[in-house]
$ cat data.cif   # mmCIF, C-alpha atoms
data_structure
#
loop_
_atom_site.label_atom_id
_atom_site.label_comp_id
_atom_site.auth_asym_id
_atom_site.auth_seq_id
_atom_site.Cartn_x
_atom_site.Cartn_y
_atom_site.Cartn_z
CA MET D 70 -167.14 -64.21 -33.63
CA ASN D 71 -170.52 -62.54 -33.88
CA MET D 72 -172.45 -64.20 -31.10
CA ARG D 73 -175.79 -62.82 -32.26
CA THR D 74 -175.45 -64.60 -35.59
CA ASN D 75 -174.31 -67.86 -33.99
CA GLY D 76 -177.29 -68.77 -31.86
CA GLY D 77 -177.12 -65.85 -29.45
CA GLY D 78 -180.26 -64.18 -30.76
CA ALA D 79 -182.45 -67.24 -30.28
CA GLY D 80 -181.03 -68.16 -26.90
CA GLU D 81 -181.15 -64.72 -25.36
CA THR D 82 -184.94 -64.52 -25.74
CA ARG D 83 -185.12 -67.08 -22.92
CA LEU D 84 -183.28 -64.75 -20.52
CA SER D 85 -185.66 -62.88 -18.21
CA LEU D 86 -185.38 -60.92 -14.99
CA ASP D 87 -189.02 -61.51 -14.10
CA ALA D 88 -188.44 -63.67 -11.04
CA MET D 89 -192.10 -64.61 -10.73
CA THR D 90 -192.29 -66.17 -14.21
CA SER D 91 -188.77 -67.59 -14.51
CA ASP D 92 -188.35 -71.35 -14.37
CA PHE D 93 -184.65 -71.56 -13.45
CA VAL D 94 -181.91 -69.37 -12.03
CA VAL D 95 -178.49 -69.77 -13.64
CA ASP D 96 -175.06 -68.96 -12.22
CA VAL D 97 -173.82 -67.32 -15.44
CA ALA D 98 -170.11 -66.89 -14.68
CA ASN D 99 -169.88 -70.35 -13.14
CA ILE D 100 -171.27 -71.95 -16.30
CA VAL D 101 -169.26 -69.82 -18.72
CA ARG D 102 -166.01 -70.69 -16.90
CA GLU D 103 -166.68 -74.43 -16.52
CA GLN D 104 -163.96 -76.09 -18.60
CA SER D 105 -165.52 -79.56 -18.48
CA LEU D 106 -168.10 -78.24 -20.94
CA LEU D 107 -167.43 -77.94 -24.67
CA GLY D 108 -163.67 -77.89 -24.72
CA PRO D 109 -160.78 -76.31 -22.85
CA ARG D 110 -161.40 -72.57 -23.24
CA PRO D 111 -161.13 -70.95 -19.76
CA ALA D 112 -164.23 -68.89 -20.52
CA ASP D 113 -166.72 -69.54 -23.34
CA LEU D 114 -170.09 -67.81 -23.66
CA SER D 115 -171.42 -70.51 -25.98
CA ARG D 116 -171.69 -72.75 -22.89
CA LEU D 117 -174.44 -70.49 -21.56
CA LEU D 118 -176.24 -70.30 -24.90
CA LEU D 119 -176.28 -74.07 -25.27
CA LEU D 120 -177.42 -74.40 -21.65
CA LEU D 121 -180.50 -72.30 -22.47
CA ASP D 122 -181.40 -74.80 -25.18
CA ALA D 123 -180.76 -77.71 -22.83
CA LEU D 124 -183.02 -76.19 -20.18
CA ALA D 125 -185.83 -75.87 -22.74
CA GLU D 126 -185.46 -79.58 -23.46
CA PHE D 127 -185.20 -80.44 -19.76
CA ALA D 128 -188.40 -78.51 -18.99
CA CYS D 129 -190.13 -79.69 -22.19
CA ASP D 130 -190.90 -76.02 -22.82
CA GLU D 131 -189.49 -74.09 -25.76
CA ASP D 132 -190.67 -70.89 -24.10
CA VAL D 133 -188.68 -71.56 -20.91
CA ARG D 134 -187.61 -68.49 -18.94
CA VAL D 135 -184.20 -68.33 -17.25
CA TYR D 136 -183.10 -65.81 -14.62
CA GLY D 137 -179.35 -65.28 -15.11
CA VAL D 138 -177.21 -63.83 -12.31
CA CYS D 139 -173.67 -62.90 -13.28
CA ASP D 140 -170.53 -61.99 -11.34
CA SER D 141 -169.44 -58.54 -12.53
CA SER D 142 -165.91 -59.89 -13.04
CA LEU D 143 -167.10 -61.90 -16.05
CA LEU D 144 -167.87 -58.72 -18.00
CA ARG D 145 -164.18 -57.81 -17.69
CA ASP D 146 -162.78 -61.31 -18.23
CA THR D 147 -160.23 -61.03 -21.04
CA ARG D 148 -160.42 -64.76 -21.62
CA LEU D 149 -163.70 -64.05 -23.40
CA THR D 150 -163.53 -62.61 -26.89
CA PRO D 151 -164.40 -58.91 -27.37
CA ALA D 152 -167.64 -60.01 -29.07
CA GLU D 153 -168.58 -62.20 -26.10
CA ARG D 154 -167.91 -59.41 -23.62
CA ALA D 155 -169.91 -57.00 -25.76
CA LEU D 156 -172.85 -59.40 -25.84
CA LEU D 157 -172.75 -59.85 -22.07
CA GLY D 158 -172.66 -56.09 -21.64
CA SER D 159 -175.67 -55.64 -23.93
CA TRP D 160 -177.62 -58.25 -21.94
CA ALA D 161 -176.85 -56.36 -18.75
CA ASP D 162 -177.85 -53.02 -20.33
CA GLU D 163 -181.08 -54.47 -21.72
CA GLY D 164 -182.05 -56.02 -18.37
CA ARG D 165 -181.72 -59.62 -19.57
CA ILE D 166 -179.24 -60.65 -16.86
CA GLU D 167 -178.61 -59.33 -13.36
CA VAL D 168 -175.02 -58.35 -12.62
CA ARG D 169 -173.77 -58.46 -9.03
CA PRO D 170 -170.27 -58.06 -7.54
CA VAL D 171 -170.79 -61.60 -6.20
CA ALA D 172 -173.62 -63.64 -7.67
CA ASP D 173 -173.91 -66.42 -5.05
CA PRO D 174 -176.09 -64.68 -2.43
CA ARG D 175 -178.64 -63.60 -5.05
CA ILE D 176 -178.75 -67.07 -6.63
CA LEU D 177 -179.42 -68.67 -3.26
CA GLU D 178 -182.02 -66.04 -2.38
CA LEU D 179 -183.99 -66.77 -5.55
CA ALA D 180 -183.67 -70.52 -5.14
CA GLU D 181 -184.79 -70.37 -1.51
CA GLN D 182 -187.58 -67.82 -1.62
CA LEU D 183 -189.12 -68.75 -4.96
CA ASP D 184 -188.37 -72.49 -4.87
CA MET D 185 -186.56 -72.01 -8.19
CA PRO D 186 -184.06 -74.68 -9.35
CA ALA D 187 -180.51 -73.29 -9.59
CA VAL D 188 -178.12 -74.35 -12.35
CA THR D 189 -174.52 -74.21 -11.17
CA PHE D 190 -171.42 -76.25 -10.40
CA ASP D 191 -170.85 -74.32 -7.18
CA ASN D 192 -171.28 -76.16 -3.86
CA PHE D 193 -171.86 -72.88 -1.92
CA THR D 194 -169.83 -74.26 0.97
CA ASP D 195 -169.20 -70.82 2.47
CA HIS D 196 -172.96 -70.19 2.68
CA ILE D 197 -173.81 -73.34 4.63
CA PRO D 198 -173.52 -71.68 8.09
CA GLY D 199 -176.33 -69.27 7.16
CA ARG D 200 -178.27 -71.71 4.97
CA PRO D 201 -177.86 -75.22 6.37
CA TRP D 202 -180.37 -76.58 3.84
CA ILE D 203 -177.63 -76.45 1.19
CA ALA D 204 -175.57 -79.35 2.58
CA GLY D 205 -176.75 -82.63 1.14
CA ASN D 206 -179.54 -80.95 -0.84
CA THR D 207 -181.05 -83.29 -3.43
CA ASP D 208 -183.82 -81.28 -5.11
CA THR D 209 -182.74 -77.66 -5.66
CA PHE D 210 -179.64 -77.79 -7.85
CA LEU D 211 -178.99 -78.83 -11.44
CA LYS D 212 -175.91 -78.88 -13.66
CA PRO D 213 -175.25 -79.24 -17.38
CA ARG D 214 -172.98 -81.83 -18.88
CA ASN D 215 -171.86 -82.68 -22.39
CA ASN D 216 -174.49 -84.61 -24.29
CA PRO D 217 -173.15 -88.19 -24.63
CA ALA D 218 -175.49 -88.80 -27.58
CA GLY D 219 -174.37 -85.87 -29.70
CA PRO D 220 -173.54 -82.17 -29.74
CA GLY D 221 -174.75 -79.72 -27.14
CA LEU D 222 -175.54 -80.12 -23.46
CA VAL D 223 -178.01 -81.94 -21.26
CA VAL D 224 -179.17 -80.96 -17.76
CA VAL D 225 -179.09 -83.38 -14.82
CA PRO D 226 -179.97 -83.08 -11.11
CA ARG D 227 -177.24 -82.59 -8.50
CA VAL D 228 -176.76 -83.87 -4.98
CA LEU D 229 -174.68 -81.34 -3.05
CA PRO D 230 -172.00 -82.74 -0.76
CA VAL D 231 -171.98 -82.45 3.01
CA PRO D 232 -168.61 -80.86 3.80
CA GLU D 233 -166.72 -81.16 7.04
CA GLU D 234 -166.60 -78.11 9.26
CA TRP D 235 -162.96 -77.31 8.49
CA GLN D 236 -163.83 -77.27 4.78
CA ILE D 237 -166.60 -74.78 5.47
CA SER D 238 -164.23 -72.57 7.47
CA ARG D 239 -161.67 -72.66 4.67
CA LYS D 240 -164.25 -71.73 2.05
CA VAL D 241 -165.60 -68.90 4.21
CA GLU D 242 -162.04 -67.59 4.53
CA GLU D 243 -161.63 -67.76 0.75
CA SER D 244 -164.78 -65.69 0.30
CA ASP D 245 -163.60 -63.16 2.89
CA LEU D 246 -160.25 -62.85 1.15
CA LEU D 247 -161.92 -62.48 -2.24
CA ALA D 248 -164.13 -59.66 -0.94
CA SER D 249 -161.03 -57.85 0.35
CA GLY D 250 -159.08 -58.26 -2.90
CA LEU D 251 -156.71 -60.77 -1.32
CA TYR D 252 -157.63 -63.83 -3.37
CA ASP D 253 -156.98 -64.54 -7.04
CA ARG D 254 -159.59 -66.85 -8.52
CA ARG D 255 -157.49 -67.64 -11.58
CA GLY D 256 -155.41 -70.29 -9.90
CA HIS D 257 -153.03 -68.24 -7.74
CA GLY D 258 -155.17 -68.41 -4.61
CA ALA D 259 -154.58 -66.31 -1.50
CA ARG D 260 -152.20 -63.36 -1.69
CA THR D 261 -149.76 -64.75 0.86
CA ASP D 262 -147.26 -62.03 -0.05
CA LEU D 263 -149.66 -59.48 1.48
CA LEU D 264 -151.14 -61.65 4.21
CA SER D 265 -147.72 -62.49 5.67
CA ARG D 266 -146.83 -58.85 6.31
CA LEU D 267 -147.46 -56.74 9.40
CA TRP D 268 -149.33 -53.57 8.43
CA ARG D 269 -149.70 -50.27 10.21
CA CYS D 270 -152.17 -47.45 9.69
CA ALA D 271 -151.05 -43.82 9.66
CA ASP D 272 -153.54 -43.25 12.48
CA ASP D 273 -151.93 -44.71 15.61
CA ALA D 274 -155.35 -44.98 17.24
CA CYS D 275 -156.77 -47.13 14.43
CA PRO D 276 -158.55 -50.10 16.07
CA LEU D 277 -157.55 -52.47 13.26
CA PHE D 278 -154.00 -51.49 12.33
CA GLY D 279 -152.97 -48.98 14.99
CA ALA D 280 -149.78 -49.17 17.02
CA ARG D 281 -151.70 -50.17 20.15
CA ARG D 282 -153.27 -53.31 18.69
CA ALA D 283 -151.94 -56.05 20.94
CA ALA D 284 -152.65 -59.28 19.08
CA GLY D 285 -153.63 -60.62 15.73
CA GLN D 286 -154.15 -58.76 12.50
CA PRO D 287 -157.40 -58.43 10.57
CA MET D 288 -157.62 -58.39 6.80
CA PRO D 289 -156.43 -55.29 5.01
CA ARG D 290 -158.10 -54.33 1.75
CA HIS D 291 -156.24 -54.69 -1.53
CA GLN D 292 -157.53 -52.48 -4.32
CA ARG D 293 -155.88 -51.45 -7.59
CA GLY D 294 -152.43 -52.39 -6.36
CA ALA D 295 -152.69 -50.57 -3.01
CA VAL D 296 -153.09 -52.09 0.46
CA LEU D 297 -155.63 -49.99 2.37
CA CYS D 298 -156.98 -49.64 5.88
CA PRO D 299 -160.66 -50.67 5.77
CA THR D 300 -161.49 -48.05 8.43
CA HIS D 301 -159.70 -44.99 7.04
CA GLU D 302 -159.42 -45.90 3.33
CA THR D 303 -155.75 -44.83 3.45
CA PRO D 304 -152.64 -46.79 2.44
CA LEU D 305 -151.08 -49.07 5.04
CA THR D 306 -147.35 -49.28 5.68
CA ALA D 307 -145.56 -52.64 5.82
CA MET D 308 -143.70 -52.97 9.13
CA GLY D 309 -142.30 -56.47 8.83
CA THR D 310 -143.59 -60.00 8.60
CA VAL D 311 -146.18 -61.88 10.64
CA PRO D 312 -145.02 -65.21 12.12
CA ALA D 313 -146.75 -68.21 10.62
CA ARG D 314 -149.43 -69.59 12.91
CA ILE D 315 -152.29 -72.01 13.14
CA GLN D 316 -155.55 -71.72 15.01
CA LEU D 317 -157.20 -74.44 17.07
CA LYS D 318 -160.77 -74.65 18.35
CA VAL D 319 -161.83 -76.02 21.72
CA ARG D 320 -165.22 -77.75 21.61
CA ILE D 321 -167.18 -78.62 24.72
CA ASP D 322 -170.25 -80.75 24.10
CA GLY D 323 -169.98 -79.88 20.42
CA THR D 324 -169.92 -76.09 20.87
CA VAL D 325 -166.79 -74.03 20.17
CA ARG D 326 -165.96 -72.39 23.49
CA ALA D 327 -162.49 -70.99 22.71
CA ARG D 328 -159.92 -70.54 19.97
CA PHE D 329 -156.20 -70.15 20.40
CA ALA D 330 -153.25 -69.56 18.09
CA VAL D 331 -149.93 -71.39 18.03
CA HIS D 332 -147.11 -69.57 16.27
CA GLU D 333 -144.24 -71.10 14.34
CA GLY D 334 -141.76 -72.67 16.77
CA GLU D 335 -144.10 -72.30 19.73
CA THR D 336 -145.41 -75.00 22.10
CA VAL D 337 -148.69 -74.48 23.97
CA THR D 338 -149.88 -76.65 26.85
CA VAL D 339 -153.55 -77.59 27.02
CA GLY D 340 -155.13 -79.11 30.09
CA ARG D 341 -157.43 -78.71 33.05
CA ALA D 342 -155.34 -75.91 34.57
CA PRO D 343 -151.78 -75.70 33.18
CA ALA D 344 -149.24 -73.94 35.36
CA ALA D 345 -147.12 -72.80 32.41
CA ALA D 346 -147.58 -69.27 31.12
CA GLY D 347 -149.69 -69.19 27.99
CA GLY D 348 -151.33 -72.52 28.72
CA ILE D 349 -154.97 -73.14 27.78
CA ALA D 350 -156.97 -73.75 30.97
CA LEU D 351 -159.98 -75.77 29.92
CA ALA D 352 -161.57 -75.67 33.36
CA ALA D 353 -162.11 -71.93 32.90
CA LEU D 354 -164.36 -72.47 29.89
CA GLN D 355 -168.13 -72.49 29.87
CA GLY D 356 -169.62 -75.98 29.91
CA PHE D 357 -166.57 -77.74 31.33
CA GLY D 358 -168.24 -80.31 33.55
CA PRO D 359 -167.27 -82.43 36.55
CA ALA D 360 -166.66 -85.58 34.49
CA ALA D 361 -164.19 -83.76 32.24
CA ARG D 362 -162.57 -82.11 35.28
CA ASN D 363 -161.96 -85.51 36.87
CA TRP D 364 -160.66 -87.10 33.68
CA ILE D 365 -158.49 -84.44 32.01
CA SER D 366 -155.00 -83.96 33.42
CA ARG D 367 -153.79 -80.60 34.60
CA ASN D 368 -151.24 -80.66 31.74
CA HIS D 369 -152.99 -83.00 29.32
CA LEU D 370 -151.15 -82.40 26.05
CA THR D 371 -148.99 -79.95 24.15
CA VAL D 372 -149.39 -78.53 20.65
CA THR D 373 -146.26 -77.53 18.73
CA PHE D 374 -146.28 -75.79 15.36
CA THR D 375 -143.09 -76.13 13.37
CA GLY D 376 -142.22 -76.72 9.74
CA ASP D 377 -145.88 -76.43 8.69
CA ARG D 378 -146.82 -79.29 11.04
CA ALA D 379 -149.06 -79.23 14.09
CA LEU D 380 -147.70 -81.85 16.47
CA VAL D 381 -149.80 -83.03 19.43
CA ARG D 382 -147.97 -84.75 22.29
CA ASP D 383 -149.87 -86.51 25.06
CA THR D 384 -148.63 -85.70 28.58
CA SER D 385 -151.66 -87.02 30.46
CA SER D 386 -152.54 -89.83 32.84
CA ASN D 387 -155.65 -91.05 31.04
CA GLY D 388 -154.59 -90.68 27.42
CA THR D 389 -156.04 -88.99 24.36
CA VAL D 390 -157.98 -90.26 21.35
CA VAL D 391 -157.69 -88.85 17.82
CA GLU D 392 -160.78 -89.35 15.68
CA ARG D 393 -160.17 -89.44 11.91
CA ARG D 394 -161.51 -91.12 8.78
CA GLY D 395 -159.73 -94.36 9.60
CA PRO D 396 -159.58 -96.13 12.96
CA ASP D 397 -159.24 -93.89 16.00
CA ALA D 398 -155.67 -93.35 17.17
CA LYS D 399 -155.04 -93.76 20.91
CA LEU D 400 -152.25 -91.68 22.43
CA ARG D 401 -150.61 -92.40 25.76
CA ASN D 402 -148.15 -90.35 27.76
CA GLY D 403 -145.29 -89.40 25.45
CA SER D 404 -147.09 -90.38 22.21
CA GLU D 405 -147.15 -87.84 19.37
CA TRP D 406 -149.53 -87.21 16.50
CA VAL D 407 -149.41 -84.92 13.45
CA LEU D 408 -152.74 -83.07 13.51
CA ARG D 409 -154.44 -82.50 10.16
CA PRO D 410 -157.72 -80.88 9.10
CA GLY D 411 -160.62 -83.17 9.89
CA HIS D 412 -158.93 -84.79 12.90
CA ARG D 413 -160.58 -84.38 16.28
CA VAL D 414 -158.47 -84.72 19.41
CA LEU D 415 -160.57 -85.96 22.33
CA LEU D 416 -159.23 -85.17 25.78
CA HIS D 417 -162.57 -86.43 27.12
CA ASP D 418 -165.73 -87.42 25.34
CA THR D 419 -167.10 -83.91 25.96
CA VAL D 420 -163.90 -81.92 25.22
CA ALA D 421 -162.15 -81.85 21.84
CA LEU D 422 -159.51 -79.90 19.94
CA GLU D 423 -159.51 -79.43 16.18
CA LEU D 424 -157.69 -77.33 13.62
CA SER D 425 -159.50 -74.37 12.15
CA GLY D 426 -159.97 -74.60 8.41
CA ARG D 427 -158.68 -71.04 8.10
CA GLN D 428 -155.11 -70.79 6.90
CA HIS D 429 -154.34 -67.09 6.68
CA VAL D 430 -156.59 -64.77 8.67
CA PHE D 431 -158.23 -65.69 11.94
CA THR D 432 -161.18 -63.41 12.53
CA GLU D 433 -161.80 -64.60 16.07
CA GLU D 434 -158.57 -64.31 18.02
CA ALA D 435 -158.74 -66.25 21.24
CA ALA D 436 -158.72 -64.19 24.36
CA ALA D 437 -156.30 -65.44 26.96
CA VAL D 438 -157.95 -68.24 28.89
CA PRO D 439 -157.48 -67.33 32.56
CA PRO D 440 -155.88 -69.91 34.87
CA THR D 441 -158.20 -71.66 37.27
CA PRO D 442 -157.18 -71.68 40.94
CA LEU D 443 -156.45 -75.21 42.08
CA THR D 444 -158.69 -76.77 44.71
CA SER D 445 -158.25 -79.88 46.79
CA ALA D 446 -160.36 -81.71 44.23
CA ASP D 447 -157.88 -80.74 41.53
CA THR D 448 -154.71 -81.62 43.38
CA GLY D 449 -155.68 -85.08 44.56
CA PRO D 450 -156.68 -88.22 42.68
CA THR D 451 -160.30 -88.64 41.67
CA LEU D 452 -161.73 -92.09 41.00
CA LEU D 453 -164.50 -92.52 38.45
CA HIS D 454 -166.90 -95.37 38.02
CA SER D 455 -166.42 -97.36 34.83
CA PRO D 456 -168.31 -95.33 32.22
CA PRO D 457 -170.49 -96.76 29.44
CA ARG D 458 -168.85 -97.40 26.12
CA ARG D 459 -169.60 -95.32 23.06
CA GLY D 460 -173.18 -95.71 21.90
CA GLU D 461 -174.58 -96.88 25.26
CA GLN D 462 -175.40 -93.41 26.55
CA GLY D 463 -175.10 -90.82 23.79
CA SER D 464 -172.38 -90.42 21.24
CA ARG D 465 -170.34 -87.97 23.29
CA GLY D 466 -172.00 -87.87 26.65
CA ASN D 467 -169.55 -90.02 28.59
CA GLN D 468 -166.08 -91.46 28.53
CA ARG D 469 -164.84 -94.49 26.65
CA GLY D 470 -164.53 -96.98 29.45
CA ARG D 471 -160.83 -96.42 30.15
CA THR D 472 -159.15 -97.33 33.41
CA THR D 473 -158.98 -94.29 35.66
CA ARG D 474 -155.54 -93.23 36.80
CA ARG D 475 -154.20 -90.49 39.00
CA HIS D 476 -153.82 -87.07 37.42
CA ARG D 477 -150.34 -85.84 36.73
#

$ encode --input "data.cif" --output "structure tokens"
Amino acid sequence: MNMRTNGGGAGETRLSLDAMTSDFVVDVANIVREQSLLGPRPADLSRLLLLLDALAEFACDEDVRVYGVCDSSLLRDTRLTPAERALLGSWADEGRIEVRPVADPRILELAEQLDMPAVTFDNFTDHIPGRPWIAGNTDTFLKPRNNPAGPGLVVVPRVLPVPEEWQISRKVEESDLLASGLYDRRGHGARTDLLSRLWRCADDACPLFGARRAAGQPMPRHQRGAVLCPTHETPLTAMGTVPARIQLKVRIDGTVRARFAVHEGETVTVGRAPAAAGGIALAALQGFGPAARNWISRNHLTVTFTGDRALVRDTSSNGTVVERRGPDAKLRNGSEWVLRPGHRVLLHDTVALELSGRQHVFTEEAAAVPPTPLTSADTGPTLLHSPPRRGEQGSRGNQRGRTTRRHR
């Protein structure tokens, strides 16, 4: 197909890299690969050309100017025809579209700094930590859809969702994996075959993959079929497999104060000051206050990871609450709960555990939480006054009005 003789010539005149005079910024690859538009082809350049016409109608301006930013991978996408790839390449050579290894940061920069509407189906979840204005945004983003009244496309406003934190973490991990060549966007997802291996660098002193690295493994780099050390740019050697693991976050007053890993088949005790080796001593963490100290048991709960399940078992005196989409679940001594993303395990109204959204690579390995020496206040019972119920004094400032019992 000759794209220039099928509407390409007229549409491409609307493409401009003059940011100061452009009316919209368009996520080119995102639109071209959107299969809800104009049939099932995995990639179709006519979607972009018809979008340019739809934007002219949306703006009531036949001379509309559109700033297109394109992922470089689209120029090599074999799901496009040779003519479509040639046309994209000519636009890049002529300065009609901007080509970036990853388009998202540039799209957001233009939208933010120039107050330019962005046309895309992307939710930019992985960028929310640095640009919190994205979540729930109602006035910056647009999307095309098939014209219900006839051929072509129409443009409509978008309301971006507000994702949960674990969803943000998972999307950030996806972006990190993609940048390291460890994620396949065409439906295969993360390269678990590479991520599940233990890698070693030829340089024993390598800080990332050297023989002396004690815990955890960062991301290697996968490029043209080779697994490389990011520091030395040399091939890594596979030394075995990495045990499956999950990562949990400890929040105190809403702030993540620690992270810890639980490996397949392992059980970790979490509490005020567990005696067992490898236990997570919450009292050693910054922000752990007197109310939490008096409420949380020395060995409050255990977390076991087995068979792809994270199982929480209450071993406390005062119980545990699991917040979720439905009604809260209340655990008592001996009760168990399968922990899933989005659940929040409250040991006290100020102290919570939750699963990290990351599934493969944990960039912040938890340092060992040191045990806290027991004092007379820890070893004996502590009575609390009946606390206010939720909503009477802050959403997480106090306990839930439970009967105080002796610590185990």

$ resolve_selection --input "data.cif" --expression "the PyMOL selection byres ((chain D and resi 336) around 12)" --output "list in words"
Arg314, Ile315, Phe329, Ala330, Val331, His332, Glu333, Gly334, Glu335, Val337, Thr338, Val339, Ala345, Ala346, Gly347, Gly348, Ile349, Leu370, Thr371, Val372, Thr373, Phe374, Thr375, Arg378, Ala379, Leu380, Val381 and Arg382 of chain D

$ residues_around --input "data.cif" --residues "Asn216 in chain D" --least-positions-apart "5" --cutoff "10 Å" --atoms "all atoms listed in the file" --output "ChimeraX atom specification"
/D:106-107,123,221-224

$ resolve_selection --input "data.cif" --expression "the PyMOL selection byres ((chain D and resi 301) around 12)" --output "list of chain:residue names"
D:Arg269, D:Cys270, D:Ala271, D:Asp272, D:Asp273, D:Ala274, D:Cys275, D:Pro276, D:Leu277, D:Phe278, D:Gly279, D:Pro289, D:Arg290, D:Val296, D:Leu297, D:Cys298, D:Pro299, D:Thr300, D:Glu302, D:Thr303, D:Pro304, D:Leu305

$ atom_distance --input "data.cif" --atom1 "CA of Arg293 in chain D" --atom2 "CA of Ser265 in chain D"
19.1 Å

$ resolve_selection --input "data.cif" --expression "the PyMOL selection byres ((chain D and resi 327) around 8)" --output "list in words"
Lys318, Val319, Arg320, Val325, Arg326, Arg328, Phe329, Leu354, Ala435 and Ala436 of chain D

$ residues_around --input "data.cif" --residues "range 411-418 of chain D" --least-positions-apart "2" --cutoff "10 Å" --atoms "all atoms listed in the file" --output "PyMOL selection string"
chain D and resi 233-236+318-323+339-341+360-366+369-370+381+383+385+387-394+397-400+406-409+420-426+459+464-469

$ write_last_selection --input "data.cif" --atoms "C-alpha atoms" --output "compact mmCIF listing (two decimals), in the coordinates of the input"
# COMPACT_ATOMS: atom_id res chain seq x y z
CA GLU D 233 -166.72 -81.16 7.04
CA GLU D 234 -166.60 -78.11 9.26
CA TRP D 235 -162.96 -77.31 8.49
CA GLN D 236 -163.83 -77.27 4.78
CA LYS D 318 -160.77 -74.65 18.35
CA VAL D 319 -161.83 -76.02 21.72
CA ARG D 320 -165.22 -77.75 21.61
CA ILE D 321 -167.18 -78.62 24.72
CA ASP D 322 -170.25 -80.75 24.10
CA GLY D 323 -169.98 -79.88 20.42
CA VAL D 339 -153.55 -77.59 27.02
CA GLY D 340 -155.13 -79.11 30.09
CA ARG D 341 -157.43 -78.71 33.05
CA ALA D 360 -166.66 -85.58 34.49
CA ALA D 361 -164.19 -83.76 32.24
CA ARG D 362 -162.57 -82.11 35.28
CA ASN D 363 -161.96 -85.51 36.87
CA TRP D 364 -160.66 -87.10 33.68
CA ILE D 365 -158.49 -84.44 32.01
CA SER D 366 -155.00 -83.96 33.42
CA HIS D 369 -152.99 -83.00 29.32
CA LEU D 370 -151.15 -82.40 26.05
CA VAL D 381 -149.80 -83.03 19.43
CA ASP D 383 -149.87 -86.51 25.06
CA SER D 385 -151.66 -87.02 30.46
CA ASN D 387 -155.65 -91.05 31.04
CA GLY D 388 -154.59 -90.68 27.42
CA THR D 389 -156.04 -88.99 24.36
CA VAL D 390 -157.98 -90.26 21.35
CA VAL D 391 -157.69 -88.85 17.82
CA GLU D 392 -160.78 -89.35 15.68
CA ARG D 393 -160.17 -89.44 11.91
CA ARG D 394 -161.51 -91.12 8.78
CA ASP D 397 -159.24 -93.89 16.00
CA ALA D 398 -155.67 -93.35 17.17
CA LYS D 399 -155.04 -93.76 20.91
CA LEU D 400 -152.25 -91.68 22.43
CA TRP D 406 -149.53 -87.21 16.50
CA VAL D 407 -149.41 -84.92 13.45
CA LEU D 408 -152.74 -83.07 13.51
CA ARG D 409 -154.44 -82.50 10.16
CA VAL D 420 -163.90 -81.92 25.22
CA ALA D 421 -162.15 -81.85 21.84
CA LEU D 422 -159.51 -79.90 19.94
CA GLU D 423 -159.51 -79.43 16.18
CA LEU D 424 -157.69 -77.33 13.62
CA SER D 425 -159.50 -74.37 12.15
CA GLY D 426 -159.97 -74.60 8.41
CA ARG D 459 -169.60 -95.32 23.06
CA SER D 464 -172.38 -90.42 21.24
CA ARG D 465 -170.34 -87.97 23.29
CA GLY D 466 -172.00 -87.87 26.65
CA ASN D 467 -169.55 -90.02 28.59
CA GLN D 468 -166.08 -91.46 28.53
CA ARG D 469 -164.84 -94.49 26.65

$ atom_distance --input "data.cif" --atom1 "CA of Thr189 in chain D" --atom2 "CA of Leu118 in chain D"
14.4 Å

$ residues_around --input "data.cif" --residues "Asp113 in chain D" --least-positions-apart "2" --cutoff "6 Å" --atoms "all atoms listed in the file" --output "JSON, numbers by chain"
{"D": [101, 115, 116]}

$ residues_near_point --input "data.cif" --point "(-188.2, -67.1, -24.0)" --cutoff "8 Å" --atoms "all atoms listed in the file" --output "list in words"
Gly80, Glu81, Thr82, Arg83, Leu84, Ser85, Glu131, Asp132, Val133, Arg134 and Val135 of chain D

$ residues_around --input "data.cif" --residues "Arg169 in chain D" --least-positions-apart "2" --cutoff "12 Å" --atoms "all atoms listed in the file" --output "list in words"
Asp96, Val97, Ala98, Gly137, Val138, Cys139, Asp140, Ser141, Ser142, Leu143, Leu144, Ala161, Ile166, Glu167, Val171, Ala172, Asp173, Pro174, Arg175 and Ile176 of chain D

$ atom_distance --input "data.cif" --atom1 "CA of Glu163 in chain D" --atom2 "CA of Phe193 in chain D"
28.6 Å

$ closest_residue --input "data.cif" --among "D:Asp377, D:Glu103, D:Asp92, D:Asp262" --to "Arg214 in chain D" --atoms "all atoms listed in the file"
D:Glu103

$ closest_residue --input "data.cif" --among "D:Arg266, D:His291, D:Arg145, D:Arg281" --to "Leu251 in chain D" --atoms "all atoms listed in the file"
D:His291

$ closest_residue --input "data.cif" --among "D:Thr209, D:Gly258, D:Ala218, D:Ala313" --to "Leu179 in chain D" --atoms "all atoms listed in the file"
D:Thr209

$ residues_near_point --input "data.cif" --point "(-167.0, -72.1, -11.1)" --cutoff "7 Å" --atoms "all atoms listed in the file" --output "list of chain:residue names"
D:Asn99, D:Ile100, D:Arg102, D:Glu103, D:Phe190, D:Asp191

$ closest_residue --input "data.cif" --among "D:Phe210, D:Tyr136, D:Trp268, D:Trp202" --to "Pro287 in chain D" --atoms "only C-alpha atoms"
D:Trp268

$ closest_residue --input "data.cif" --among "D:Arg239, D:Val188, D:Asp130, D:Leu114" --to "Glu153 in chain D" --atoms "all atoms listed in the file"
D:Leu114
